[in-house]
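Enquirer: Please find entry11.tsv (TSV, C-alpha atoms and all ligand atoms) on the next line:
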chain	number	residue	atom	x	y	z
A	850	MET	CA	59.85	67.54	-176.67
A	851	ASN	CA	62.12	70.19	-178.23
A	852	ALA	CA	65.83	70.45	-177.48
A	853	PHE	CA	66.58	73.05	-174.80
A	854	ALA	CA	69.57	74.47	-172.94
A	855	TYR	CA	69.79	74.23	-169.16
A	856	THR	CA	71.47	76.52	-166.64
A	857	ARG	CA	71.30	76.58	-162.86
A	858	ALA	CA	71.11	79.98	-161.14
A	859	ALA	CA	73.12	80.30	-157.93
A	860	ASP	CA	71.53	83.58	-156.82
A	861	VAL	CA	68.53	85.79	-157.57
A	862	ALA	CA	70.58	88.38	-159.51
A	863	THR	CA	71.87	85.67	-161.88
A	864	ALA	CA	68.37	84.26	-162.38
A	865	LEU	CA	67.03	87.71	-163.28
A	866	ARG	CA	69.96	88.45	-165.60
A	867	GLU	CA	69.45	85.16	-167.41
A	868	ILE	CA	65.71	85.62	-167.99
A	869	ALA	CA	65.93	89.31	-168.97
A	870	GLY	CA	65.27	89.82	-172.64
A	871	ASP	CA	64.89	86.09	-173.37
A	872	GLY	CA	61.19	85.51	-174.05
A	873	ALA	CA	61.86	81.85	-174.88
A	874	ALA	CA	63.48	81.02	-171.52
A	875	ARG	CA	61.55	79.70	-168.49
A	876	PHE	CA	62.32	79.33	-164.82
A	877	ILE	CA	61.98	75.79	-163.54
A	878	ALA	CA	61.41	74.98	-159.86
A	879	GLY	CA	59.94	71.53	-158.99
A	880	GLY	CA	59.19	70.89	-162.66
A	881	THR	CA	55.92	69.06	-161.91
A	882	ASN	CA	53.87	71.24	-164.24
A	883	LEU	CA	56.39	72.68	-166.68
A	884	ILE	CA	57.93	69.34	-167.69
A	885	ASP	CA	54.47	67.87	-168.39
A	886	LEU	CA	53.69	70.86	-170.60
A	887	MET	CA	57.01	70.50	-172.43
A	888	LYS	CA	56.39	66.79	-173.06
A	889	GLU	CA	53.06	67.70	-174.67
A	890	ASN	CA	54.69	70.47	-176.76
A	891	VAL	CA	52.43	73.06	-175.11
A	892	GLU	CA	55.46	74.89	-173.67
A	893	ARG	CA	58.55	74.98	-175.87
A	894	PRO	CA	61.23	76.96	-174.03
A	895	HIS	CA	64.64	76.91	-175.67
A	896	ARG	CA	66.27	77.44	-172.29
A	897	LEU	CA	65.44	76.39	-168.73
A	898	ILE	CA	66.81	78.40	-165.83
A	899	ASP	CA	66.82	76.13	-162.79
A	900	ILE	CA	65.93	78.22	-159.73
A	901	SER	CA	65.50	75.29	-157.35
A	902	ARG	CA	68.78	76.02	-155.51
A	903	LEU	CA	68.04	79.71	-154.85
A	904	PRO	CA	68.00	80.60	-151.14
A	905	LEU	CA	64.21	81.16	-151.10
A	906	ARG	CA	63.07	78.16	-149.05
A	907	LEU	CA	62.54	79.67	-145.62
A	908	VAL	CA	59.17	79.77	-143.88
A	909	GLU	CA	59.60	82.45	-141.24
A	910	PRO	CA	57.75	85.03	-139.13
A	911	THR	CA	57.53	88.64	-140.33
A	912	PRO	CA	57.91	91.76	-138.14
A	913	ASP	CA	54.16	92.56	-138.50
A	914	GLY	CA	53.21	89.23	-136.88
A	915	GLY	CA	52.52	87.38	-140.13
A	916	MET	CA	54.51	84.68	-141.91
A	917	ARG	CA	56.65	84.72	-145.05
A	918	LEU	CA	56.74	81.66	-147.33
A	919	GLY	CA	59.84	81.50	-149.53
A	920	ALA	CA	58.89	80.89	-153.17
A	921	LEU	CA	60.97	77.71	-153.25
A	922	ALA	CA	59.63	76.19	-150.04
A	923	SER	CA	57.98	72.91	-151.00
A	924	ASN	CA	54.22	72.48	-150.67
A	925	THR	CA	54.94	69.74	-148.09
A	926	ASP	CA	57.26	71.90	-145.99
A	927	VAL	CA	54.65	74.67	-145.83
A	928	ALA	CA	51.67	72.39	-145.14
A	929	TYR	CA	53.45	70.63	-142.24
A	930	HIS	CA	55.29	73.64	-140.83
A	931	PRO	CA	54.27	73.80	-137.14
A	932	GLU	CA	53.46	77.54	-137.26
A	933	ILE	CA	51.38	77.13	-140.45
A	934	GLU	CA	49.49	74.19	-138.95
A	935	ARG	CA	48.87	76.15	-135.74
A	936	ARG	CA	48.12	79.63	-137.07
A	937	TYR	CA	47.01	79.03	-140.70
A	938	PRO	CA	45.39	75.55	-140.70
A	939	LEU	CA	43.19	76.57	-143.65
A	940	LEU	CA	46.34	76.84	-145.78
A	941	SER	CA	47.67	73.45	-144.58
A	942	GLN	CA	44.34	71.79	-145.40
A	943	ALA	CA	44.11	73.34	-148.86
A	944	ILE	CA	47.66	72.31	-149.80
A	945	LEU	CA	47.12	68.76	-148.53
A	946	ALA	CA	43.90	68.50	-150.58
A	947	GLY	CA	46.00	68.83	-153.75
A	948	ALA	CA	48.03	66.37	-155.84
A	949	SER	CA	49.87	63.53	-154.04
A	950	PRO	CA	52.59	63.38	-151.35
A	951	GLN	CA	55.30	62.81	-153.97
A	952	LEU	CA	54.14	65.79	-156.05
A	953	ARG	CA	53.82	68.03	-153.00
A	954	ASN	CA	57.41	67.16	-152.04
A	955	MET	CA	58.62	68.52	-155.39
A	956	ALA	CA	56.10	71.34	-155.96
A	957	SER	CA	57.18	74.82	-154.88
A	958	ILE	CA	55.05	77.70	-153.63
A	959	GLY	CA	55.98	79.84	-156.68
A	960	GLY	CA	55.29	76.98	-159.09
A	961	ASN	CA	51.92	76.29	-157.50
A	962	LEU	CA	50.92	79.93	-158.05
A	963	MET	CA	52.04	79.73	-161.68
A	964	GLN	CA	50.60	76.30	-162.57
A	965	ARG	CA	48.56	76.43	-165.75
A	966	THR	CA	44.97	75.38	-166.39
A	967	ARG	CA	44.10	71.70	-166.74
A	968	CYS	CA	41.70	72.31	-169.69
A	969	ALA	CA	42.16	69.18	-171.85
A	970	TYR	CA	42.17	71.20	-175.08
A	971	PHE	CA	45.01	73.37	-173.75
A	972	TYR	CA	47.09	70.17	-173.48
A	973	ASP	CA	46.04	68.83	-176.89
A	974	THR	CA	47.97	70.60	-179.64
A	975	ALA	CA	45.67	69.09	-182.30
A	976	THR	CA	42.79	71.31	-181.09
A	977	SER	CA	42.02	75.05	-181.15
A	978	CYS	CA	42.88	76.90	-177.97
A	979	ASN	CA	43.22	80.66	-177.54
A	980	LYS	CA	45.32	80.25	-174.41
A	981	ARG	CA	47.91	78.03	-176.11
A	982	ALA	CA	47.67	79.55	-179.61
A	983	PRO	CA	45.99	82.99	-179.50
A	984	GLY	CA	43.44	83.59	-182.23
A	985	THR	CA	42.72	79.92	-183.00
A	986	GLY	CA	39.44	79.73	-181.06
A	987	CYS	CA	38.23	77.95	-177.93
A	988	SER	CA	37.35	74.27	-178.31
A	989	ALA	CA	35.85	74.09	-174.85
A	990	VAL	CA	32.95	76.51	-175.42
A	991	THR	CA	31.16	73.97	-177.62
A	992	GLY	CA	33.17	70.91	-176.52
A	993	PHE	CA	33.53	68.98	-173.27
A	994	ASN	CA	33.36	71.61	-170.55
A	995	ARG	CA	32.58	69.74	-167.31
A	996	TYR	CA	35.62	71.24	-165.55
A	997	HIS	CA	35.27	74.78	-166.87
A	998	ALA	CA	34.28	78.20	-165.55
A	999	ILE	CA	30.89	79.44	-164.49
A	1000	LEU	CA	32.13	82.90	-163.43
A	1001	GLY	CA	34.43	85.48	-165.00
A	1002	MET	CA	34.89	83.69	-168.33
A	1003	SER	CA	34.91	85.34	-171.76
A	1004	GLU	CA	33.97	84.19	-175.26
A	1005	HIS	CA	37.71	83.61	-175.80
A	1006	CYS	CA	38.37	81.23	-172.91
A	1007	ILE	CA	36.37	79.45	-170.20
A	1008	ALA	CA	39.26	77.76	-168.39
A	1009	VAL	CA	39.68	77.73	-164.60
A	1010	HIS	CA	42.74	78.14	-162.42
A	1011	PRO	CA	43.37	74.73	-160.83
A	1012	SER	CA	45.25	75.41	-157.58
A	1013	ASP	CA	43.94	74.43	-154.16
A	1014	MET	CA	46.61	76.36	-152.25
A	1015	CYS	CA	45.69	79.62	-153.97
A	1016	MET	CA	42.10	79.46	-152.68
A	1017	ALA	CA	43.34	79.49	-149.09
A	1018	LEU	CA	45.88	82.21	-149.87
A	1019	ALA	CA	43.13	84.34	-151.44
A	1020	ALA	CA	40.84	83.92	-148.43
A	1021	LEU	CA	43.73	84.87	-146.14
A	1022	ASP	CA	44.51	88.04	-148.16
A	1023	ALA	CA	48.07	86.87	-148.87
A	1024	VAL	CA	50.44	89.04	-150.92
A	1025	VAL	CA	52.81	87.78	-153.64
A	1026	HIS	CA	56.29	89.36	-153.73
A	1027	VAL	CA	58.08	89.48	-157.07
A	1028	THR	CA	61.34	90.97	-158.26
A	1029	GLY	CA	62.56	91.86	-161.76
A	1030	ALA	CA	64.39	94.38	-163.89
A	1031	GLY	CA	61.82	96.98	-162.84
A	1032	GLY	CA	62.44	96.38	-159.12
A	1033	ASP	CA	60.39	94.70	-156.40
A	1034	ARG	CA	56.57	94.56	-156.42
A	1035	ALA	CA	53.93	93.29	-154.04
A	1036	ILE	CA	50.79	91.90	-155.72
A	1037	PRO	CA	47.73	90.93	-153.65
A	1038	LEU	CA	46.96	87.26	-154.30
A	1039	THR	CA	43.46	88.22	-155.40
A	1040	GLU	CA	44.98	90.35	-158.19
A	1041	PHE	CA	47.74	87.92	-159.16
A	1042	HIS	CA	45.72	85.71	-161.55
A	1043	ARG	CA	43.90	87.22	-164.54
A	1044	LEU	CA	40.46	86.59	-165.93
A	1045	PRO	CA	40.73	85.72	-169.64
A	1046	ASP	CA	38.98	88.75	-171.24
A	1047	ASP	CA	40.47	89.01	-174.73
A	1048	ARG	CA	43.99	87.95	-173.66
A	1049	PRO	CA	43.55	84.38	-172.35
A	1050	GLU	CA	47.19	83.59	-173.10
A	1051	LEU	CA	48.14	85.75	-170.09
A	1052	ASP	CA	47.52	83.77	-166.90
A	1053	THR	CA	48.79	86.26	-164.33
A	1054	ASN	CA	49.73	89.90	-163.79
A	1055	LYS	CA	53.35	88.89	-163.17
A	1056	ARG	CA	55.65	89.97	-165.99
A	1057	PRO	CA	57.56	87.12	-167.72
A	1058	ASP	CA	60.93	88.44	-166.52
A	1059	GLU	CA	59.84	88.69	-162.87
A	1060	LEU	CA	60.74	86.06	-160.27
A	1061	ILE	CA	58.37	85.25	-157.40
A	1062	THR	CA	60.44	85.49	-154.23
A	1063	ALA	CA	57.86	84.97	-151.46
A	1064	VAL	CA	54.24	84.97	-150.36
A	1065	ALA	CA	53.39	86.99	-147.25
A	1066	LEU	CA	50.59	85.95	-144.89
A	1067	PRO	CA	48.95	88.65	-142.74
A	1068	PRO	CA	48.81	88.06	-138.96
A	1069	GLU	CA	45.15	86.89	-138.97
A	1070	GLY	CA	45.03	83.20	-139.93
A	1071	PHE	CA	41.51	82.28	-138.69
A	1072	PRO	CA	42.80	79.28	-136.70
A	1073	GLN	CA	39.50	78.78	-134.87
A	1074	HIS	CA	36.88	78.93	-137.61
A	1075	HIS	CA	37.93	77.73	-141.04
A	1076	ALA	CA	37.20	74.97	-143.56
A	1077	TYR	CA	38.48	73.85	-146.93
A	1078	VAL	CA	35.89	71.90	-148.90
A	1079	LYS	CA	36.97	70.30	-152.18
A	1080	VAL	CA	34.44	68.51	-154.38
A	1081	ARG	CA	36.00	66.31	-157.06
A	1082	ASP	CA	35.29	63.29	-159.24
A	1083	ARG	CA	37.68	61.02	-157.29
A	1084	ALA	CA	38.43	61.12	-153.58
A	1085	SER	CA	42.11	61.81	-154.17
A	1086	TYR	CA	44.56	62.83	-156.86
A	1087	ALA	CA	41.99	64.91	-158.75
A	1088	PHE	CA	41.50	68.60	-159.39
A	1089	ALA	CA	38.50	70.38	-157.91
A	1090	LEU	CA	35.14	70.59	-159.62
A	1091	VAL	CA	34.40	73.19	-156.97
A	1092	SER	CA	36.40	74.14	-153.90
A	1093	VAL	CA	35.73	76.56	-151.07
A	1094	ALA	CA	38.16	78.15	-148.62
A	1095	ALA	CA	36.04	79.63	-145.82
A	1096	ALA	CA	37.07	81.52	-142.69
A	1097	LEU	CA	35.04	83.20	-139.96
A	1098	ARG	CA	35.66	85.27	-136.87
A	1099	ILE	CA	32.76	84.72	-134.47
A	1100	ASP	CA	32.03	86.47	-131.20
A	1101	GLY	CA	29.16	85.20	-129.05
A	1102	GLY	CA	27.57	83.40	-132.00
A	1103	VAL	CA	27.69	86.58	-134.14
A	1104	ILE	CA	29.92	86.81	-137.23
A	1105	VAL	CA	32.52	89.58	-136.93
A	1106	GLU	CA	34.34	88.78	-140.17
A	1107	ALA	CA	33.78	86.35	-143.05
A	1108	ARG	CA	36.09	85.34	-145.87
A	1109	LEU	CA	35.39	83.02	-148.77
A	1110	ALA	CA	37.37	82.09	-151.89
A	1111	LEU	CA	35.71	79.86	-154.45
A	1112	GLY	CA	37.82	77.58	-156.65
A	1113	GLY	CA	37.16	75.53	-159.78
A	1114	VAL	CA	34.74	78.17	-161.02
A	1115	ALA	CA	36.90	80.91	-162.62
A	1116	HIS	CA	40.41	81.65	-163.81
A	1117	ARG	CA	41.23	83.14	-160.45
A	1118	PRO	CA	40.17	82.51	-156.86
A	1119	TRP	CA	36.69	84.04	-156.75
A	1120	ARG	CA	36.03	86.44	-153.91
A	1121	ASP	CA	33.07	88.77	-153.41
A	1122	ARG	CA	33.85	91.20	-150.60
A	1123	ALA	CA	30.35	92.71	-150.58
A	1124	ALA	CA	28.82	89.27	-150.06
A	1125	GLU	CA	31.33	88.57	-147.28
A	1126	ALA	CA	30.55	91.92	-145.62
A	1127	SER	CA	26.83	91.13	-145.68
A	1128	LEU	CA	27.50	88.37	-143.13
A	1129	ARG	CA	28.91	90.80	-140.56
A	1130	GLY	CA	26.63	91.12	-137.55
A	1131	GLU	CA	24.60	88.04	-138.60
A	1132	ARG	CA	24.25	84.96	-136.40
A	1133	ALA	CA	26.18	82.01	-137.85
A	1134	SER	CA	23.22	80.11	-139.31
A	1135	ARG	CA	22.35	77.97	-142.32
A	1136	ALA	CA	19.91	80.65	-143.51
A	1137	ALA	CA	22.63	83.33	-143.53
A	1138	PHE	CA	25.06	81.02	-145.38
A	1139	GLU	CA	22.41	80.09	-147.98
A	1140	ARG	CA	21.69	83.75	-148.60
A	1141	VAL	CA	25.35	84.59	-149.16
A	1142	ALA	CA	25.76	81.55	-151.47
A	1143	GLU	CA	22.89	82.84	-153.63
A	1144	THR	CA	24.53	86.28	-153.78
A	1145	LEU	CA	27.94	84.86	-154.68
A	1146	LEU	CA	26.57	82.82	-157.58
A	1147	ARG	CA	24.08	85.43	-158.86
A	1148	ASP	CA	26.05	86.06	-162.09
A	1149	ALA	CA	27.07	82.43	-162.67
A	1150	ARG	CA	26.42	80.89	-166.08
A	1151	GLY	CA	26.81	77.24	-167.02
A	1152	PHE	CA	27.66	75.51	-170.29
A	1153	ALA	CA	26.42	72.15	-171.64
A	1154	ASP	CA	28.40	69.95	-169.22
A	1155	ASN	CA	29.00	72.16	-166.21
A	1156	ALA	CA	25.71	73.92	-165.34
A	1157	PHE	CA	25.49	71.55	-162.34
A	1158	LYS	CA	28.41	73.47	-160.81
A	1159	ILE	CA	26.15	76.40	-159.92
A	1160	ALA	CA	24.04	74.37	-157.48
A	1161	LEU	CA	27.12	72.41	-156.38
A	1162	ALA	CA	29.02	75.62	-155.55
A	1163	LYS	CA	26.10	76.93	-153.48
A	1164	ARG	CA	25.92	73.72	-151.46
A	1165	ALA	CA	29.71	73.64	-151.01
A	1166	ILE	CA	29.66	77.24	-149.70
A	1167	VAL	CA	26.97	76.40	-147.14
A	1168	ARG	CA	28.86	73.27	-146.09
A	1169	ALA	CA	32.19	75.12	-145.76
A	1170	PHE	CA	30.75	77.98	-143.68
A	1171	THR	CA	28.78	75.52	-141.53
A	1172	GLN	CA	31.92	73.46	-140.86
A	1173	ALA	CA	33.93	76.61	-140.17
A	1174	ALA	CA	31.35	77.91	-137.68
A	1175	ALA	CA	31.14	74.56	-135.90
A	1176	ARG	CA	34.88	74.20	-135.30
B	1201	LIG	C1	49.12	64.53	-161.52
B	1201	LIG	C2	49.05	65.89	-160.88
B	1201	LIG	C3	48.01	66.18	-160.02
B	1201	LIG	C4	47.94	67.44	-159.43
B	1201	LIG	N1	46.89	67.73	-158.59
B	1201	LIG	C5	46.80	68.98	-158.05
B	1201	LIG	C6	45.71	69.33	-157.22
B	1201	LIG	O1	44.81	68.52	-156.93
B	1201	LIG	N2	45.67	70.60	-156.70
B	1201	LIG	C7	46.64	71.51	-156.97
B	1201	LIG	O2	46.56	72.64	-156.50
B	1201	LIG	N3	47.68	71.22	-157.79
B	1201	LIG	C8	47.77	69.98	-158.32
B	1201	LIG	N4	48.80	69.69	-159.15
B	1201	LIG	C9	49.69	70.77	-159.59
B	1201	LIG	C10	50.89	70.96	-158.74
B	1201	LIG	O3	50.48	71.58	-157.53
B	1201	LIG	C11	51.83	71.88	-159.54
B	1201	LIG	O4	52.32	71.11	-160.63
B	1201	LIG	C12	52.96	72.41	-158.72
B	1201	LIG	O5	52.49	73.19	-157.65
B	1201	LIG	C13	53.89	73.27	-159.57
B	1201	LIG	O6	55.04	73.61	-158.81
B	1201	LIG	P1	56.51	73.35	-159.40
B	1201	LIG	O7	57.47	73.92	-158.43
B	1201	LIG	O8	56.71	71.91	-159.75
B	1201	LIG	O9	56.43	74.25	-160.70
B	1201	LIG	P2	57.22	74.10	-162.09
B	1201	LIG	O10	56.61	73.02	-162.91
B	1201	LIG	O11	58.69	74.07	-161.88
B	1201	LIG	O12	56.87	75.52	-162.73
B	1201	LIG	C14	55.55	75.84	-163.11
B	1201	LIG	C15	55.56	77.26	-163.69
B	1201	LIG	O13	55.90	78.20	-162.68
B	1201	LIG	C16	56.98	79.01	-163.06
B	1201	LIG	N5	57.71	79.30	-161.81
B	1201	LIG	C17	58.04	78.39	-160.85
B	1201	LIG	N6	58.61	79.03	-159.81
B	1201	LIG	C18	58.62	80.36	-160.13
B	1201	LIG	C19	59.08	81.52	-159.43
B	1201	LIG	N7	59.63	81.46	-158.22
B	1201	LIG	N8	58.94	82.72	-160.06
B	1201	LIG	C20	58.38	82.79	-161.29
B	1201	LIG	N9	57.94	81.73	-161.99
B	1201	LIG	C21	58.06	80.52	-161.39
B	1201	LIG	C22	57.75	78.17	-164.06
B	1201	LIG	O14	58.49	78.99	-164.97
B	1201	LIG	C23	56.62	77.45	-164.78
B	1201	LIG	O15	56.07	78.28	-165.77
B	1201	LIG	C24	48.93	68.42	-159.72
B	1201	LIG	C25	49.98	68.11	-160.58
B	1201	LIG	C26	50.05	66.86	-161.17
B	1201	LIG	C27	51.20	66.56	-162.10
B	1202	LIG	S1	38.90	77.12	-172.27
B	1202	LIG	FE1	40.75	78.35	-172.55
B	1202	LIG	S2	42.37	76.82	-172.27
B	1202	LIG	FE2	40.50	75.67	-172.76
B	1202	LIG	S3	40.35	75.47	-175.01
B	1202	LIG	FE3	39.29	77.32	-174.49
B	1202	LIG	S4	40.89	78.89	-174.74
B	1202	LIG	FE4	41.95	76.96	-174.49
For the structure just supplied, provide its representation as C-alpha cells.

Expert:
Amino acid sequence: MNAFAYTRAADVATALREIAGDGAARFIAGGTNLIDLMKENVERPHRLIDISRLPLRLVEPTPDGGMRLGALASNTDVAYHPEIERRYPLLSQAILAGASPQLRNMASIGGNLMQRTRCAYFYDTATSCNKRAPGTGCSAVTGFNRYHAILGMSEHCIAVHPSDMCMALAALDAVVHVTGAGGDRAIPLTEFHRLPDDRPELDTNKRPDELITAVALPPEGFPQHHAYVKVRDRASYAFALVSVAAALRIDGGVIVEARLALGGVAHRPWRDRAAEASLRGERASRAAFERVAETLLRDARGFADNAFKIALAKRAIVRAFTQAAAR
C-alpha cells in the first residue's frame, strides 16, 4: 500500500473543496471496498477525504410521497428501516442478500453504488486489465470468465457491476443525487453505471469531483408483489452469478405494471422497458414470464466459462416473477 494523507471533512462544502482539482484524492466512506483496492495496489490515492461524518445519514420521507436515503446511511440502517421494510421490501431483501452483517454495518449507500467490479484480473496487478490500466488488454476475454458479462460488454472489458442493492434501486426507478463544482445533478439509477464501450476505466457517469448526497425512491415501492432472487456459488457471502429484482402490480390476476432488473450479467443493472411493457395486460402466468425471459436474453452472448448464465438468467427471471406474483 502506498503512503497517503488523510483528512476528515466536517461538511459537504469542505469535502467538495478538498476533492476539487485533485485527481489523486478519493472520498472514503465505510472503506470496505476502497481499502481492499488500496491494499492490492489497484487504487493508489495520495489523499483520502473521510466523508463518514458528513450529515448525510438520514432515511426520511420526501414531499412527493417517496423516501430519501442519505448517501452515508449504512446498508444495515436502510435494510432494517421500518418504512423501507414496509414500503420497499424489495430493497431490504436485495441489501440483505449482499455481503455479511459486519460489512453491511460499515457499508454506505454511496459506497455501495460506487463499488468496483470483482473481476479477479482487475484485482491482480500482474495481469492485463483495461479497467485498471487502460490500453493493456483484457485478460478475462480469453481467461477465466465464469463471473463475467453476457450482455452489454465490449471487446475492451467484460466485467459486471457486483451490487445487489443497485438491482432493487434500478427496478424501483430510484434517482441518485450528486453535488459538485458544477452544482447539483439528479441521475436516474439506470443511467448511473456505464457499459464499458471503449472506456472501461470509467465505471459511472458521476464526475470524479462529485459527491453522492442521496438516493431518492419514488412513491411506488411494489410492497405486495416483489422478489429478489440471487443465484450464487455459495449460499452466503458470495457475489451473484445472476440476480433478479422483480416487481409487479397485479389487478384481478392481470399485470398492470412489471419491472425487472437483472444483475451479474452486465456492467450495469440490466433493464428492458419494452420487455416489461409487453407483460402489461397479460395474466400472471409461467408462459408469460418465460416469453419475457426469452426477450430479455435475446442478445446475450456467453464466453468459455459463463455461457451457462444465459439459461440460468432465464430460469431466475421466471422464478422471480412467479414468486412476486404469488406473494
Ligand atoms: C467480502 C465482501 C463481500 C461482499 N459481498 C457483497 C455482495 O454480496 N453484494 C454486494 O452488493 N456487495 C458486496 N460487497 C461490497 C460492499 O457492499 C461494498 O464494499 C460497500 O457497499 C462499499 O461501501 P463503503 O461505504 O464501504 O465504500 P468505500 O469503500 O468507502 O468506497 C467505495 C468507493 O465509493 C466512493 N464513495 C463512497 N461514498 C461516496 C459518496 N458519497 N460520493 C462519491 N463517492 C463515494 C469512494 O471514493 C470509493 O471509490 C462485499 C464486500 C466485501 C469486502
Ligand atoms: S473484464 Fe474488465 S475488469 Fe476484467 S480484466 Fe477485462 S478489462 Fe479488466

Enquirer: Need the shell around segment 876-880 of chain A: protein/DNA/RNA residues with any atom at most 12 Å away, counting only C-alpha atoms. Skip same-chain ones fewer than 3 positions apart. Format as number ranges by chain?

Expert: A: 854-858, 861, 863-869, 871-873, 883-888, 894-903, 905-906, 920-924, 951-964, 1057-1062

Enquirer: Could you list, as a PyMOL selection string, all residues that come within 6 Å of ligand LIG 1202 (chain B)? Count all atoms listed in the file.

Expert: chain A and resi 968+970-971+978-980+987-989+1005-1008

Enquirer: Considering all atoms listed in the file, state which residue in the set A:Phe853, A:Tyr1077, A:Phe1088, A:Tyr929 is at the smallest distance from ligand LIG 1201 (chain B).

Expert: A:Phe1088

Enquirer: Kindly indicate which residue among A:Arg1164, A:Lys1158, A:Arg1176, A:His1042 lies nearest to Arg995 of chain A, using all atoms listed in the file for the distances.

Expert: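 Using all atoms listed in the file, the shortest distance to Arg995 of chain A belongs to A:Lys1158.
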
Enquirer: Counting all atoms listed in the file, figure out which residue out of A:Val1141, A:Leu1111, A:Ala1019, A:Ala1124 gets nearest to Leu1090 of chain A.

Expert: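 Among the listed residues, A:Leu1111 lies closest to Leu1090 of chain A.
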
Enquirer: Neighbouring residues of Tyr1086 of chain A were defined as those with any atom within 8 Å, considering all atoms listed in the file; residues of the same chain fewer than 5 positions away were excluded. Please report them as a list of chain:residue names.

Expert: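 Residues meeting the cut-off are A:Gly947, A:Ala948, A:Ser949.
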
Enquirer: Enter the distance from atom CA of Ala1160 of chain A to atom CA of Tyr972 of chain A, in Å, rounded to one decimal.

Expert: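 One can read the atom CA of Ala1160 of chain A to atom CA of Tyr972 of chain A distance as 28.4 Å.
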